[in-house]
$ cat entry_37.cif   # mmCIF, C-alpha atoms
data_input
#
loop_
_atom_site.label_atom_id
_atom_site.label_comp_id
_atom_site.auth_asym_id
_atom_site.auth_seq_id
_atom_site.Cartn_x
_atom_site.Cartn_y
_atom_site.Cartn_z
CA MET A 1 0.00 0.00 0.00
CA SER A 2 1.10 3.61 -0.62
CA LEU A 3 1.05 6.53 1.78
CA ALA A 4 -2.20 7.70 0.20
CA GLU A 5 -3.94 4.37 0.81
CA ASN A 6 -2.54 4.03 4.33
CA LEU A 7 -3.65 7.54 5.23
CA GLN A 8 -7.16 6.95 3.92
CA PHE A 9 -7.38 3.69 5.90
CA LEU A 10 -6.12 5.24 9.15
CA ARG A 11 -8.40 8.26 8.89
CA ALA A 12 -11.44 6.05 8.20
CA ARG A 13 -10.48 3.69 11.03
CA GLU A 14 -10.32 6.57 13.52
CA GLY A 15 -13.49 8.16 12.18
CA VAL A 16 -11.69 11.42 11.42
CA THR A 17 -12.64 13.73 8.56
CA GLN A 18 -10.09 15.46 6.33
CA GLU A 19 -10.93 18.75 8.02
CA GLN A 20 -10.35 17.30 11.51
CA LEU A 21 -7.05 15.70 10.51
CA ALA A 22 -5.91 18.95 8.91
CA GLU A 23 -6.73 20.83 12.09
CA ARG A 24 -4.74 18.38 14.22
CA LEU A 25 -1.73 18.71 11.91
CA ASN A 26 -2.13 22.48 11.50
CA VAL A 27 -2.38 22.22 7.70
CA SER A 28 -5.15 22.93 5.19
CA ARG A 29 -7.83 20.42 4.22
CA GLN A 30 -6.61 20.68 0.62
CA SER A 31 -3.18 19.41 1.75
CA VAL A 32 -4.73 16.30 3.28
CA SER A 33 -6.81 15.75 0.15
CA LYS A 34 -3.70 15.98 -2.03
CA TRP A 35 -1.83 13.47 0.18
CA GLU A 36 -4.69 10.97 -0.08
CA SER A 37 -4.87 11.39 -3.86
CA GLY A 38 -1.10 11.03 -4.24
CA ALA A 39 -0.78 14.51 -5.74
CA SER A 40 1.63 15.71 -3.03
CA PHE A 41 3.69 14.45 -0.11
CA PRO A 42 3.81 15.61 3.54
CA GLU A 43 6.96 17.10 5.04
CA MET A 44 9.06 14.93 7.36
CA ASP A 45 7.88 16.57 10.59
CA THR A 46 4.27 16.02 9.48
CA LEU A 47 4.99 12.36 8.73
CA ILE A 48 6.40 11.93 12.23
CA LYS A 49 3.25 13.54 13.68
CA LEU A 50 1.13 11.10 11.67
CA CYS A 51 3.14 8.15 13.02
CA ASP A 52 2.68 9.34 16.61
CA MET A 53 -1.00 10.10 16.07
CA PHE A 54 -1.87 6.70 14.58
CA HIS A 55 0.70 4.61 16.52
CA THR A 56 2.58 3.28 13.52
CA ASP A 57 6.14 3.49 12.22
CA LEU A 58 7.44 5.54 9.31
CA ASP A 59 8.41 2.58 7.12
CA THR A 60 4.97 0.97 7.41
CA LEU A 61 3.22 4.28 6.78
CA LEU A 62 5.22 5.03 3.64
CA ARG A 63 5.83 1.62 2.07
CA GLY A 64 3.99 -1.07 4.01
CA SER A 65 0.41 -2.00 4.73
CA VAL A 66 -0.93 -0.38 7.89
CA GLU A 67 -4.07 -2.49 7.69
CA LYS A 68 -2.02 -5.69 7.69
CA SER A 69 0.32 -4.50 10.47
CA LEU A 70 -2.67 -3.75 12.72
CA SER A 71 -3.76 -7.38 12.54
CA GLU A 72 -0.33 -8.81 13.41
CA ASP A 73 1.61 -8.87 16.67
CA THR A 74 4.92 -7.92 15.09
CA ALA A 75 6.46 -6.85 18.44
CA GLY A 76 5.68 -10.13 20.22
CA TYR A 77 3.58 -8.12 22.67
CA ASP A 78 1.13 -10.89 23.60
CA ARG A 79 3.79 -13.48 24.42
CA PHE A 80 5.93 -11.00 26.37
CA MET A 81 3.08 -9.57 28.46
CA THR A 82 1.66 -13.01 29.24
CA LEU A 83 5.07 -14.21 30.45
CA TYR A 84 5.55 -10.99 32.43
CA ALA A 85 2.20 -11.50 34.17
CA ARG A 86 3.16 -15.07 35.09
CA LYS A 87 6.48 -13.96 36.55
CA ILE A 88 5.01 -11.19 38.72
CA ALA A 89 2.01 -13.24 39.88
CA GLY A 90 4.28 -16.21 40.56
CA ALA A 91 6.79 -14.14 42.54
CA VAL A 92 4.14 -12.55 44.75
CA SER A 93 2.32 -15.84 45.40
CA THR A 94 5.68 -17.50 46.17
CA ILE A 95 6.29 -14.99 48.98
CA VAL A 96 2.86 -15.81 50.43
CA ALA A 97 3.57 -19.54 50.05
CA GLY A 98 6.91 -18.94 51.78
CA THR A 99 5.03 -18.07 54.96
CA ALA A 100 3.38 -21.50 54.78
CA VAL A 101 6.76 -23.18 54.41
CA MET A 102 8.08 -21.26 57.41
CA MET A 103 5.08 -22.28 59.53
CA LEU A 104 5.55 -25.94 58.63
CA LEU A 105 9.30 -25.94 59.35
CA TYR A 106 9.21 -23.63 62.39
CA GLY A 107 8.92 -26.42 64.95
CA ARG A 108 11.06 -28.94 63.06
CA ILE A 109 14.30 -27.22 62.08
CA GLY A 110 14.19 -24.29 64.49
CA GLU A 111 13.34 -20.60 64.36
CA MET A 112 16.47 -19.18 62.74
CA PRO A 113 16.80 -21.77 59.94
CA SER A 114 13.11 -21.46 59.02
CA ALA A 115 13.32 -17.65 59.09
CA ALA A 116 16.49 -17.76 56.96
CA LEU A 117 14.73 -20.01 54.43
CA PHE A 118 11.79 -17.60 54.28
CA MET A 119 14.11 -14.62 53.70
CA LEU A 120 15.80 -16.59 50.90
CA ILE A 121 12.40 -17.15 49.27
CA VAL A 122 11.62 -13.42 49.62
CA ALA A 123 15.01 -12.48 48.15
CA ILE A 124 14.62 -14.77 45.12
CA SER A 125 11.08 -13.51 44.51
CA ALA A 126 12.25 -9.90 44.81
CA VAL A 127 15.01 -10.51 42.25
CA VAL A 128 12.47 -12.02 39.85
CA MET A 129 10.14 -9.03 40.27
CA VAL A 130 12.91 -6.45 39.84
CA ALA A 131 14.39 -8.21 36.79
CA SER A 132 10.93 -8.67 35.25
CA GLY A 133 10.12 -5.01 35.84
CA MET A 134 13.33 -3.95 34.11
CA GLU A 135 12.56 -6.25 31.17
CA GLU A 136 9.08 -4.74 30.89
CA ASP A 137 10.54 -1.22 31.00
CA ASN A 138 12.98 -2.11 28.21
CA PHE A 139 10.14 -3.59 26.15
CA ARG A 140 8.12 -0.38 26.55
CA LYS A 141 11.11 1.70 25.43
CA GLN A 142 11.66 -0.54 22.40
CA TYR A 143 7.96 -0.64 21.51
CA PRO A 144 6.34 2.55 22.88
CA ALA A 145 3.33 2.00 20.61
CA VAL A 146 1.87 -1.27 19.36
CA PRO A 147 -1.16 -1.85 17.10
CA ASP A 148 -4.39 -3.01 18.70
CA PHE A 149 -4.28 -6.40 16.96
CA TYR A 150 -6.70 -8.23 19.28
CA SER A 151 -10.00 -9.03 17.63
CA GLU A 152 -13.26 -8.18 19.37
CA LYS A 153 -13.93 -11.90 19.79
CA GLU A 154 -10.61 -12.37 21.61
CA LYS A 155 -11.43 -9.49 23.95
CA VAL A 156 -14.93 -10.81 24.67
CA ASP A 157 -13.59 -14.33 25.31
CA PHE A 158 -11.04 -12.96 27.77
CA ARG A 159 -13.63 -10.90 29.65
CA ARG A 160 -15.50 -14.14 30.32
CA ARG A 161 -12.32 -15.74 31.70
CA TYR A 162 -11.42 -12.62 33.66
CA ILE A 163 -14.58 -12.93 35.75
CA TRP A 164 -13.49 -16.40 36.84
CA TYR A 165 -9.90 -15.32 37.55
CA ILE A 166 -11.09 -12.69 40.03
CA ALA A 167 -14.13 -14.54 41.41
CA GLY A 168 -12.10 -17.75 41.71
CA GLY A 169 -9.31 -15.96 43.58
CA VAL A 170 -11.65 -14.27 46.03
CA GLY A 171 -13.64 -17.48 46.41
CA GLY A 172 -10.44 -19.40 47.11
CA ILE A 173 -9.56 -17.10 50.02
CA LEU A 174 -13.08 -17.42 51.45
CA PHE A 175 -12.90 -21.19 51.04
CA GLY A 176 -9.61 -21.15 52.97
CA LEU A 177 -11.24 -19.26 55.84
CA VAL A 178 -14.11 -21.75 55.97
CA LEU A 179 -11.65 -24.64 55.87
CA LEU A 180 -9.68 -23.03 58.69
CA LEU A 181 -12.78 -22.81 60.87
CA LEU A 182 -13.79 -26.39 60.11
CA PHE A 183 -10.25 -27.58 60.84
CA PHE A 184 -10.47 -26.43 64.46
CA THR A 185 -13.83 -28.11 64.97
CA VAL A 186 -11.97 -31.40 64.52
CA PHE A 187 -8.50 -30.64 65.87
CA PRO A 188 -7.56 -28.75 69.07
CA GLU A 189 -6.19 -25.20 68.86
CA ARG A 190 -2.60 -26.06 69.80
CA GLU A 191 0.65 -27.00 68.13
CA PRO A 192 1.36 -28.65 65.78
CA TYR A 193 -2.22 -28.27 64.53
CA GLU A 194 -2.16 -24.46 64.56
CA SER A 195 0.93 -24.31 62.35
CA LEU A 196 -0.48 -26.96 60.03
CA ALA A 197 -3.81 -25.11 59.67
CA GLY A 198 -2.05 -21.76 59.17
CA ALA A 199 0.26 -23.23 56.52
CA LEU A 200 -2.65 -24.82 54.65
CA PHE A 201 -4.55 -21.52 54.69
CA MET A 202 -1.54 -19.55 53.41
CA LEU A 203 -1.04 -22.05 50.57
CA ILE A 204 -4.66 -21.56 49.51
CA VAL A 205 -4.18 -17.77 49.74
CA ALA A 206 -1.01 -18.05 47.63
CA CYS A 207 -2.89 -19.85 44.84
CA SER A 208 -5.76 -17.34 45.05
CA VAL A 209 -3.40 -14.37 44.93
CA TYR A 210 -1.74 -15.81 41.83
CA PHE A 211 -5.01 -15.93 39.89
CA ILE A 212 -6.13 -12.47 41.06
CA ILE A 213 -2.84 -10.82 40.05
CA TYR A 214 -2.48 -12.84 36.84
CA GLY A 215 -6.04 -12.07 35.78
CA GLY A 216 -5.64 -8.38 36.53
CA MET A 217 -2.41 -8.13 34.55
CA LEU A 218 -3.95 -9.97 31.59
CA GLU A 219 -6.85 -7.51 31.68
CA ASP A 220 -4.28 -4.73 31.31
CA LYS A 221 -2.60 -6.66 28.48
CA TYR A 222 -5.73 -6.53 26.33
CA ASN A 223 -6.05 -2.76 26.86
CA ILE A 224 -3.52 -1.74 24.22
CA PRO A 225 -4.74 1.89 23.94
CA LYS A 226 -3.96 2.25 27.65
CA TYR A 227 -0.49 0.74 27.08
CA ASN A 228 0.19 3.27 24.31
CA ARG A 229 -1.00 6.19 26.48
CA GLN A 230 1.12 5.07 29.43
CA ASN A 231 4.24 5.14 27.27
CA ASN A 232 3.68 8.81 26.56
CA PRO A 233 2.67 10.03 30.04
CA SER A 234 2.08 13.61 31.06
CA PRO A 235 4.64 15.25 33.41
CA GLU A 236 2.05 15.00 36.19
CA ASP A 237 1.65 11.23 35.71
CA LYS A 238 5.43 10.78 35.66
CA GLU A 239 5.72 12.56 39.01
CA ARG A 240 2.82 10.58 40.52
CA ARG A 241 4.37 7.30 39.34
CA ARG A 242 7.72 8.31 40.90
CA ARG A 243 6.05 9.14 44.24
CA ALA A 244 4.07 5.88 44.28
CA THR A 245 7.15 3.79 43.47
CA THR A 246 9.16 5.52 46.20
CA ALA A 247 6.36 4.99 48.73
CA CYS A 248 6.14 1.28 47.91
CA GLY A 249 9.90 0.92 48.27
CA VAL A 250 9.84 2.59 51.67
CA ILE A 251 6.89 0.46 52.84
CA MET A 252 8.52 -2.85 51.90
CA THR A 253 11.87 -1.78 53.39
CA LEU A 254 10.11 -0.96 56.67
CA ALA A 255 8.25 -4.28 56.48
CA THR A 256 11.55 -6.14 56.23
CA ALA A 257 13.00 -4.12 59.12
CA ILE A 258 9.95 -4.85 61.31
CA PHE A 259 10.15 -8.54 60.38
CA LEU A 260 13.79 -8.68 61.50
CA VAL A 261 13.09 -6.71 64.71
CA PHE A 262 10.26 -9.07 65.70
CA GLY A 263 12.36 -12.09 64.81
CA LEU A 264 15.72 -11.10 66.26
CA GLY A 265 14.48 -8.86 69.07
CA TRP A 266 11.43 -10.75 70.33
CA ASP A 267 12.22 -14.17 68.87
CA ASN A 268 8.80 -14.24 67.19
CA TRP A 269 9.56 -15.23 63.60
CA ASN A 270 6.34 -17.18 63.14
CA SER A 271 4.07 -14.19 63.77
CA ALA A 272 6.35 -11.65 62.07
CA VAL A 273 5.68 -13.02 58.57
CA ILE A 274 2.23 -11.39 58.57
CA ILE A 275 3.96 -8.03 58.01
CA TYR A 276 4.58 -8.87 54.33
CA PRO A 277 0.92 -9.31 53.32
CA VAL A 278 0.16 -6.11 55.27
CA GLY A 279 3.00 -4.32 53.46
CA GLY A 280 1.68 -5.51 50.10
CA ALA A 281 -1.80 -4.20 50.94
CA LEU A 282 -0.33 -0.83 51.99
CA CYS A 283 1.58 -0.67 48.69
CA GLY A 284 -1.69 -1.12 46.85
CA VAL A 285 -3.27 1.72 48.84
CA ALA A 286 -0.22 3.95 48.22
CA TRP A 287 -0.41 3.29 44.48
CA LEU A 288 -4.13 4.15 44.39
CA LEU A 289 -3.57 7.39 46.32
CA LEU A 290 -0.25 8.55 44.86
CA GLY A 291 0.04 6.75 41.52
CA PRO A 292 -1.07 7.86 38.04
CA LYS A 293 -4.75 8.48 37.63
CA LEU A 294 -6.69 5.43 36.53
CA GLU A 295 -7.24 5.27 32.77
CA LEU A 296 -10.32 3.56 31.39
#

$ encode --input "entry_37.cif" --output "C-alpha cells"
Amino acid sequence: MSLAENLQFLRAREGVTQEQLAERLNVSRQSVSKWESGASFPEMDTLIKLCDMFHTDLDTLLRGSVEKSLSEDTAGYDRFMTLYARKIAGAVSTIVAGTAVMMLLYGRIGEMPSAALFMLIVAISAVVMVASGMEEDNFRKQYPAVPDFYSEKEKVDFRRRYIWYIAGGVGGILFGLVLLLLFFTVFPEREPYESLAGALFMLIVACSVYFIIYGGMLEDKYNIPKYNRQNNPSPEDKERRRRATTACGVIMTLATAIFLVFGLGWDNWNSAVIIYPVGGALCGVAWLLLGPKLEL
C-alpha cells in the first residue's frame, strides 16, 4: 500500500474527517486531500506527527500495509506480556507460600533456619520481580506503541475468563477461611495443629493471589490503547508514578526491618511473617492514592 492508501485507511479507522485531521496537523484540508490522492507528499515533521497520532512506524506508513500490520503482533507483545504477568504473579504468590513453608518448618528445624529459608524465598522472589520489571521497562522503550491487533472476539472471550480469575481468587480465600474454621472443629487449637492449619490456609491464599494478580495483569494486556497512552505520560503522571514507586519501596523496606526486629528482638519469627501481606496491601493503597490516575 502507498502513503495515500494508508492515510485513507487510518483516517477512516479513527473516524476522522479530512478537516479534523488537517486541524490536528495544522495544515489545510486541501493538503490532506492531495496526500490521499497522491498529488503531493507531507513534510518529514508532518509524517512523524502522523506516526505518533496513529501509533505506527514511518516505514509501514510510507511503504507497508498499515491495515495488515494492525492485525499482526509484530512486536511479540502478547507473548511478552503473558510471560511478564506469570512472573510477577508467581513471585508474589511464592512470597505468600513462603510463609506457609516457614510455619511448617518452624517447629522442626528451628526458628532461625526457618526464618532464613523464608528470607531466601523473599530475596529470590524480589530478584524475579525487579528483573521482570526492568525487562518490561525495556520492552516499553523498544515498543512505545503497538497496534491493537486483538479481535473483538478475543477481547470478549477474555472478559469471560477474567470474571473467573477474580471470582475464583476471592472465592479461594473465602474457602480457605471456611476450611480453617472447620479444621479447628476437629482438631484442638494447639501445636502442631495451629501451624499446620495456618500453613494450609496460606497455601490456599497463595494460589488465590496468583489468579487475582495474573487475571488483573492480563486484563491490562488486552487494553492496548492504555499501554500506548502510558508510554507517553504527562509530566504530572510521571511525578505521581515516581512518588508511588518511592512509597512502595519505603513500605517494603520498613516491612523487612519490622520482620527482622520481631524475629531477632522478640524471637517471634512465626508471627512476624504477617507483616509482608500487610506491606503488600499498603503498597496497593499507596499506588491508588499517589500513583497515576486510573485510565479507562

$ closest_atom_pairs --input "entry_37.cif" --of "range 143-192 of chain A" --to "range 74-81 of chain A" --cutoff "10 Å" --atoms "only C-alpha atoms" --output "CSV"
residue,atom,partner,partner_atom,distance
A:Tyr143,CA,A:Ala75,CA,7.1
A:Ala145,CA,A:Ala75,CA,9.6
A:Val146,CA,A:Ala75,CA,7.3
A:Pro147,CA,A:Thr74,CA,8.8
A:Phe149,CA,A:Thr74,CA,9.5
A:Tyr150,CA,A:Asp78,CA,9.3

$ closest_atom_pairs --input "entry_37.cif" --of "range 4-78 of chain A" --to "range 226-245 of chain A" --cutoff "12 Å" --atoms "all atoms listed in the file" --output "CSV"
residue,atom,partner,partner_atom,distance
A:Asp52,CA,A:Asn232,CA,10.0
A:Met53,CA,A:Asn228,CA,10.8
A:Phe54,CA,A:Asn228,CA,10.5
A:His55,CA,A:Asn228,CA,7.9
A:Thr56,CA,A:Asn228,CA,11.1
A:Tyr77,CA,A:Tyr227,CA,10.7

$ closest_residue --input "entry_37.cif" --among "A:Thr60, A:Ile212, A:Ser151, A:Gly249" --to "Val130 in chain A" --atoms "all atoms listed in the file"
A:Gly249

$ atom_distance --input "entry_37.cif" --atom1 "CA of Val16 in chain A" --atom2 "CA of Glu219 in chain A"
28.1 Å

$ closest_residue --input "entry_37.cif" --among "A:Val66, A:Ala39, A:Ile251, A:Val32" --to "Phe9 in chain A" --atoms "all atoms listed in the file"
A:Val66

$ atom_distance --input "entry_37.cif" --atom1 "CA of Gly172 in chain A" --atom2 "CA of Glu111 in chain A"
29.4 Å
